[in-house]
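In what follows, a single structure is set out as structure tokens and then discussed.
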Amino acid sequence: MNKTRINRSRIGEPPRVACNHLPICRSVMLALILLLGVSAAAQAARIKDLAEIAGVRSNQLLGYGLVVGLDGSGDKDNAAPYTMQSLRSMLTQLGIVVPPGVKLKPKNVAAVSIHAELPPFAKNGQRIDVTVSSIGDAKNLRGGSLLMTPLKGADGQVYAVAQGNLVVGGLSAGGADGSSVTINIPTAGRIPNGATVERTVETLFNTGDYLTLNLKMGDFTTVKRMVDVINKQLGTGTAQALDASSVRVNAPLDPSQRVGFYAFIENLEINPGMAAAKVIVNSRTGTVVISSEVRVSPAAVSHGNLVVTISEDAAVSQPNPLSGGTTQVVPQSQVGVSEQDSRMFLFNPGTTLDEVVRAVNQVGAAPSDLVAILEALKQAGALQAELVII
């Protein structure tokens with residue numbers, strides 16, 4: 001028996017409030033309330049958590065190398081010829097001459113890419129973590145060791161050198177009959193403290209007579225409040241707003257004083273401005289996130305369901321003995337239609353997130369129904385928020 005559910009809106013008088021999906025609705029709406037909160041009051045946050053210093057940033061590093069010591073799970077010579085070429089080149093650099101006619105079989109070797117992030121203020125000799133990923137047809141990097149590999153920045157300069165034993169979280173195993181099982185990703189791993197910094201990247205922290213703070217999320221209200229708090233603590237004119245995401249702060253020229261100066265600033269607390277009202281809908285998972293600033297104009301919403309039930313049966317048609325006909329299977333279909341009670345709720349002027357969640361919860365709307373309701377409210381001009389579909 002196949003069932004097809006069709007949503008249909010119908011205008012009628014407000015009936016008794018009932019919910020046929022209370023467990024689902026309550027869990028979904030409770031999650032929204034816990035994640036977002038229903039209070040419009042902003043919580044104080046440190047400047048450290050809201051802004052970053054311009055010119056103080058991390059840099060990405062990339063390299064190519066070889067992982068050796070694999071238990072026969074490395075690259076195949078016919079599928080990854082560059083692995084054999086890299087192995088031959090490495091042996092030549094070490095003073096080992098491989099005859100041209102000798103064909104290497106690098107089943108215990110894998111060609112990999114190495115990437116890392118060089119944090120700001122990293123000095124020569126410090127260690128950073130690296131991530132190693134197979135670029136050939138290696139099956140498993142577990143137990144392998146990365147040979148010395150230079151890591152370069154976007155400018156082509158070497159900033160770190162990586163080497164060490166891999167830590168692989170994945171697992172892969174196979175049987176003689178071809179069956180196999182794989183857990184997580186065995187072709188990628190990490191080397192904690194696997195690279196040594198060889199070159200320092202200069203920052204703008206100790207240059208000039210000011211620092212520029214860039215907000216992670218631009219907002220005019222937040223910038224205004226940040227400027228007011230800094231000027232209140234350090235004197236009028238210390239901070240100036242440049243735009244919706246930048247604040248310029250006058251700073252001492254002495255590096256030691258500048259460190260203490262910014263340490264004081266980054267721990268100042270402000271009340272960030274409330275973000276613009278948005279409703280985020282994930283069309284793939286059905287997740288709906290409603291910000292606390294969402295408001296709804298006066299509107300009435302009716303929620304109803306139409307259930308169509310189709311059942312298929314097979315009957316045998318037997319002809320008369322002297323008719324010359326043949327036995328046939330005749331399908332028989334039965335179609336039934338049932339409609340659940342429709343429900344209507346009313347949004348009053350200035351309805352808040354708390355009231356929206358409570359109303360939708362009472363009518364028993366599932367996440368997919370909630371999306372349809374929000375889209376209809378937006379089309380009607382009653383939803384005072386930006387509807388974003390991702």
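Please note that chains go A, B, ... in the order of the structure tokens, that every chain numbers its residues from 1, and that ligands are numbered from 1 in the order shown.
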
Among region 53-288 of chain A, which residues carry a DSSP assignment of strand (DSSP E), reported as a ChimeraX atom specification? /A:53,59-68,110-118,127-134,145-152,158-165,171-174,180-183,188-197,210-215,239-241,246-250,269-270,278-281,288

If we count only C-alpha atoms, what is near region 126-136 of chain A at a cut-off of 10 Å, once residues fewer than 3 positions away on the same chain are taken out, given as a PyMOL selection string? chain A and resi 61-67+74-76+79-83+110-119+122-123+139-141+146+151+160-164+166-168+185-198

Keeping only C-alpha atoms, take the residues you just selected and write them out as an mmCIF file, in the first residue's frame.
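Output (out_27.cif):
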```cif
data_model
loop_
_atom_site.group_PDB
_atom_site.id
_atom_site.type_symbol
_atom_site.label_atom_id
_atom_site.label_comp_id
_atom_site.auth_asym_id
_atom_site.auth_seq_id
_atom_site.Cartn_x
_atom_site.Cartn_y
_atom_site.Cartn_z
ATOM 1 C CA LEU A 61 51.979 26.307 3.465
ATOM 2 C CA LEU A 62 52.056 23.496 0.907
ATOM 3 C CA GLY A 63 54.531 20.792 -0.063
ATOM 4 C CA TYR A 64 54.961 17.532 -1.959
ATOM 5 C CA GLY A 65 56.761 14.520 -0.537
ATOM 6 C CA LEU A 66 56.958 10.774 -0.069
ATOM 7 C CA VAL A 67 55.641 8.531 2.691
ATOM 8 C CA GLY A 74 51.375 2.317 -1.368
ATOM 9 C CA ASP A 75 51.040 3.558 -4.945
ATOM 10 C CA LYS A 76 51.082 1.142 -7.861
ATOM 11 C CA ALA A 79 48.817 3.957 -11.817
ATOM 12 C CA ALA A 80 51.115 6.557 -10.231
ATOM 13 C CA PRO A 81 54.298 6.880 -12.360
ATOM 14 C CA TYR A 82 55.210 10.157 -10.662
ATOM 15 C CA THR A 83 55.773 8.224 -7.418
ATOM 16 C CA ALA A 110 53.083 6.826 -1.498
ATOM 17 C CA ALA A 111 53.205 10.292 -3.038
ATOM 18 C CA VAL A 112 51.506 12.775 -0.727
ATOM 19 C CA SER A 113 50.697 16.449 -0.409
ATOM 20 C CA ILE A 114 51.483 18.193 2.859
ATOM 21 C CA HIS A 115 49.732 21.320 4.035
ATOM 22 C CA ALA A 116 50.052 23.344 7.210
ATOM 23 C CA GLU A 117 49.111 26.705 8.656
ATOM 24 C CA LEU A 118 51.883 29.031 9.803
ATOM 25 C CA PRO A 119 50.494 31.076 12.719
ATOM 26 C CA ALA A 122 55.910 32.035 14.616
ATOM 27 C CA LYS A 123 59.685 32.097 15.084
ATOM 28 C CA LYS A 139 45.147 2.324 0.011
ATOM 29 C CA ASN A 140 46.399 3.139 3.483
ATOM 30 C CA LEU A 141 48.986 5.465 5.037
ATOM 31 C CA LEU A 146 57.049 11.235 5.881
ATOM 32 C CA LEU A 151 56.803 23.563 2.794
ATOM 33 C CA ALA A 160 59.065 25.179 7.159
ATOM 34 C CA VAL A 161 60.415 21.638 6.771
ATOM 35 C CA ALA A 162 58.227 18.631 7.622
ATOM 36 C CA GLN A 163 59.202 15.099 8.597
ATOM 37 C CA GLY A 164 57.922 12.426 10.976
ATOM 38 C CA LEU A 166 51.996 9.729 10.591
ATOM 39 C CA VAL A 167 49.024 9.387 12.904
ATOM 40 C CA VAL A 168 46.180 7.935 10.814
ATOM 41 C CA ILE A 185 39.704 7.919 5.868
ATOM 42 C CA PRO A 186 42.934 5.876 5.964
ATOM 43 C CA THR A 187 44.576 7.873 3.149
ATOM 44 C CA ALA A 188 45.067 11.034 5.225
ATOM 45 C CA GLY A 189 46.807 11.634 8.537
ATOM 46 C CA ARG A 190 48.512 14.202 10.717
ATOM 47 C CA ILE A 191 51.943 14.683 12.230
ATOM 48 C CA PRO A 192 51.703 16.651 15.483
ATOM 49 C CA ASN A 193 54.586 19.123 15.646
ATOM 50 C CA GLY A 194 55.730 17.594 12.382
ATOM 51 C CA ALA A 195 57.280 20.696 10.826
ATOM 52 C CA THR A 196 59.982 23.088 11.971
ATOM 53 C CA VAL A 197 59.632 26.775 11.099
ATOM 54 C CA GLU A 198 62.605 28.014 9.075
#
```

Work out how far apart CA of Ala241 (chain A) and CA of Lys278 (chain A) are and give it in Å to one decimal.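 Distance between the two atoms: 26.1 Å.
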
In Å and to one decimal, CA of Ala251 (chain A) is distant from CA of Asp209 (chain A) by 5.5 Å

Which one of A:Gln257, A:Thr238, A:Ser245, A:Ser86 sits closest to Leu215 (chain A) if you count only C-alpha atoms?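 Checking each candidate against Leu215 (chain A), we get A:Ser245 as the closest.
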
So that I can see what lies close to Asn214 (chain A), please list as a ChimeraX atom specification the residues with an atom at most 7 Å from it, counting only C-alpha atoms and leaving out residues fewer than 3 positions away in the same chain. /A:51-54,245-247

Take the selection from the previous step and output its residues with C-alpha atoms, as an mmCIF file, in the first residue's frame.
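Below you can see out-v8.cif, which holds the result:
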```cif
data_model
loop_
_atom_site.group_PDB
_atom_site.id
_atom_site.type_symbol
_atom_site.label_atom_id
_atom_site.label_comp_id
_atom_site.auth_asym_id
_atom_site.auth_seq_id
_atom_site.Cartn_x
_atom_site.Cartn_y
_atom_site.Cartn_z
ATOM 1 C CA ALA A 51 37.802 41.701 16.068
ATOM 2 C CA GLU A 52 41.257 40.905 14.742
ATOM 3 C CA ILE A 53 44.309 43.107 14.210
ATOM 4 C CA ALA A 54 44.879 44.027 10.584
ATOM 5 C CA SER A 245 34.073 46.740 10.088
ATOM 6 C CA SER A 246 37.211 48.713 11.017
ATOM 7 C CA VAL A 247 38.354 50.778 14.014
#
```

Write out as a list in words each polymer residue whose atoms come within 12 Å of Val102 (chain A), counting only C-alpha atoms; drop sequence neighbours fewer than 5 positions from it.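 Counting only the stated atoms, we get Met84, Arg88 and Val97 of chain A.
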
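Take the candidates A:Glu202, A:Leu370, A:Gly143, A:Gln60 and check each one against Thr287 (chain A) using only C-alpha atoms; the shortest distance goes to A:Leu370.
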
Shell of 9 Å around region 254-256 of chain A, only C-alpha atoms, local chain residues under 3 positions omitted, as a ChimeraX atom specification: /A:205-206,251,259-261

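In this model, the gap between CA of Leu268 (chain A) and CA of Ala44 (chain A) comes to 9.6 Å.
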
Closest of A:Ile290, A:Leu213, A:Ala315, A:Val371 to Leu50 (chain A) - atom-to-atom distances counting only C-alpha atoms: A:Leu213

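Residues of region 53-178 of chain A that DSSP places in alpha helix (DSSP H), based on the backbone of this structure, are Pro81, Tyr82, Thr83, Met84, Gln85, Ser86, Leu87, Arg88, Ser89, Met90, Leu91, Thr92 and Gln93 of chain A.
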
Residues of the last selection are to be written out with N, CA and C atoms, as a CSV table (one decimal), in the first residue's frame.
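selection_39.csv, written as the output of this step:
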```
chain,number,residue,atom,x,y,z
A,81,PRO,N,52.9,6.9,-11.9
A,81,PRO,CA,54.3,6.9,-12.4
A,81,PRO,C,55.1,8.0,-11.7
A,82,TYR,N,54.5,9.1,-11.3
A,82,TYR,CA,55.2,10.2,-10.7
A,82,TYR,C,55.8,9.7,-9.3
A,83,THR,N,55.2,8.7,-8.7
A,83,THR,CA,55.8,8.2,-7.4
A,83,THR,C,57.1,7.6,-7.7
A,84,MET,N,57.2,6.7,-8.7
A,84,MET,CA,58.4,6.1,-9.1
A,84,MET,C,59.5,7.2,-9.5
A,85,GLN,N,59.0,8.2,-10.2
A,85,GLN,CA,59.9,9.2,-10.6
A,85,GLN,C,60.5,10.0,-9.4
A,86,SER,N,59.6,10.3,-8.5
A,86,SER,CA,60.1,11.0,-7.3
A,86,SER,C,61.0,10.1,-6.5
A,87,LEU,N,60.7,8.8,-6.4
A,87,LEU,CA,61.6,7.9,-5.6
A,87,LEU,C,63.0,7.8,-6.3
A,88,ARG,N,63.0,7.8,-7.6
A,88,ARG,CA,64.3,7.7,-8.3
A,88,ARG,C,65.1,9.0,-8.1
A,89,SER,N,64.4,10.2,-8.2
A,89,SER,CA,65.0,11.4,-8.0
A,89,SER,C,65.6,11.6,-6.6
A,90,MET,N,64.9,11.1,-5.6
A,90,MET,CA,65.4,11.1,-4.2
A,90,MET,C,66.6,10.3,-4.0
A,91,LEU,N,66.6,9.1,-4.6
A,91,LEU,CA,67.8,8.2,-4.4
A,91,LEU,C,69.0,8.8,-5.1
A,92,THR,N,68.8,9.5,-6.2
A,92,THR,CA,69.9,10.1,-7.0
A,92,THR,C,70.5,11.2,-6.1
A,93,GLN,N,69.6,12.0,-5.4
A,93,GLN,CA,70.1,13.1,-4.6
A,93,GLN,C,70.9,12.6,-3.4
```

With a distance cut-off of 9 Å and only C-alpha atoms, select the neighbouring residues of Glu386 (chain A), excluding the residue or stretch itself and same-chain residues fewer than 4 positions from it, and output the selection as number ranges by chain. A: 276-280, 294, 378

Take the residues just selected and output them with N, CA, C and O atoms as a PDB file, in the first residue's frame.
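Dumped everything to again.pdb:
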```
ATOM      1  N   ALA A 276      21.121  41.419  11.626  1.00  0.00           N
ATOM      2  CA  ALA A 276      19.880  41.594  10.872  1.00  0.00           C
ATOM      3  C   ALA A 276      19.012  40.345  10.987  1.00  0.00           C
ATOM      4  O   ALA A 276      19.515  39.225  11.121  1.00  0.00           O
ATOM      5  N   ALA A 277      17.706  40.557  10.968  1.00  0.00           N
ATOM      6  CA  ALA A 277      16.768  39.447  11.101  1.00  0.00           C
ATOM      7  C   ALA A 277      16.877  38.523   9.889  1.00  0.00           C
ATOM      8  O   ALA A 277      16.764  38.965   8.749  1.00  0.00           O
ATOM      9  N   LYS A 278      17.121  37.241  10.155  1.00  0.00           N
ATOM     10  CA  LYS A 278      17.263  36.263   9.085  1.00  0.00           C
ATOM     11  C   LYS A 278      16.600  34.957   9.481  1.00  0.00           C
ATOM     12  O   LYS A 278      16.573  34.586  10.659  1.00  0.00           O
ATOM     13  N   VAL A 279      16.105  34.265   8.479  1.00  0.00           N
ATOM     14  CA  VAL A 279      15.625  32.892   8.629  1.00  0.00           C
ATOM     15  C   VAL A 279      16.438  32.048   7.657  1.00  0.00           C
ATOM     16  O   VAL A 279      16.365  32.231   6.442  1.00  0.00           O
ATOM     17  N   ILE A 280      17.233  31.118   8.183  1.00  0.00           N
ATOM     18  CA  ILE A 280      18.106  30.281   7.367  1.00  0.00           C
ATOM     19  C   ILE A 280      17.471  28.910   7.231  1.00  0.00           C
ATOM     20  O   ILE A 280      17.147  28.256   8.233  1.00  0.00           O
ATOM     21  N   VAL A 294      13.631  38.282  14.371  1.00  0.00           N
ATOM     22  CA  VAL A 294      12.583  38.069  13.378  1.00  0.00           C
ATOM     23  C   VAL A 294      11.244  38.556  13.928  1.00  0.00           C
ATOM     24  O   VAL A 294      10.867  38.242  15.069  1.00  0.00           O
ATOM     25  N   LYS A 378       6.722  35.021   3.765  1.00  0.00           N
ATOM     26  CA  LYS A 378       7.608  35.933   3.055  1.00  0.00           C
ATOM     27  C   LYS A 378       6.969  36.455   1.787  1.00  0.00           C
ATOM     28  O   LYS A 378       7.062  37.651   1.473  1.00  0.00           O
TER      29      LYS A 378
END
```
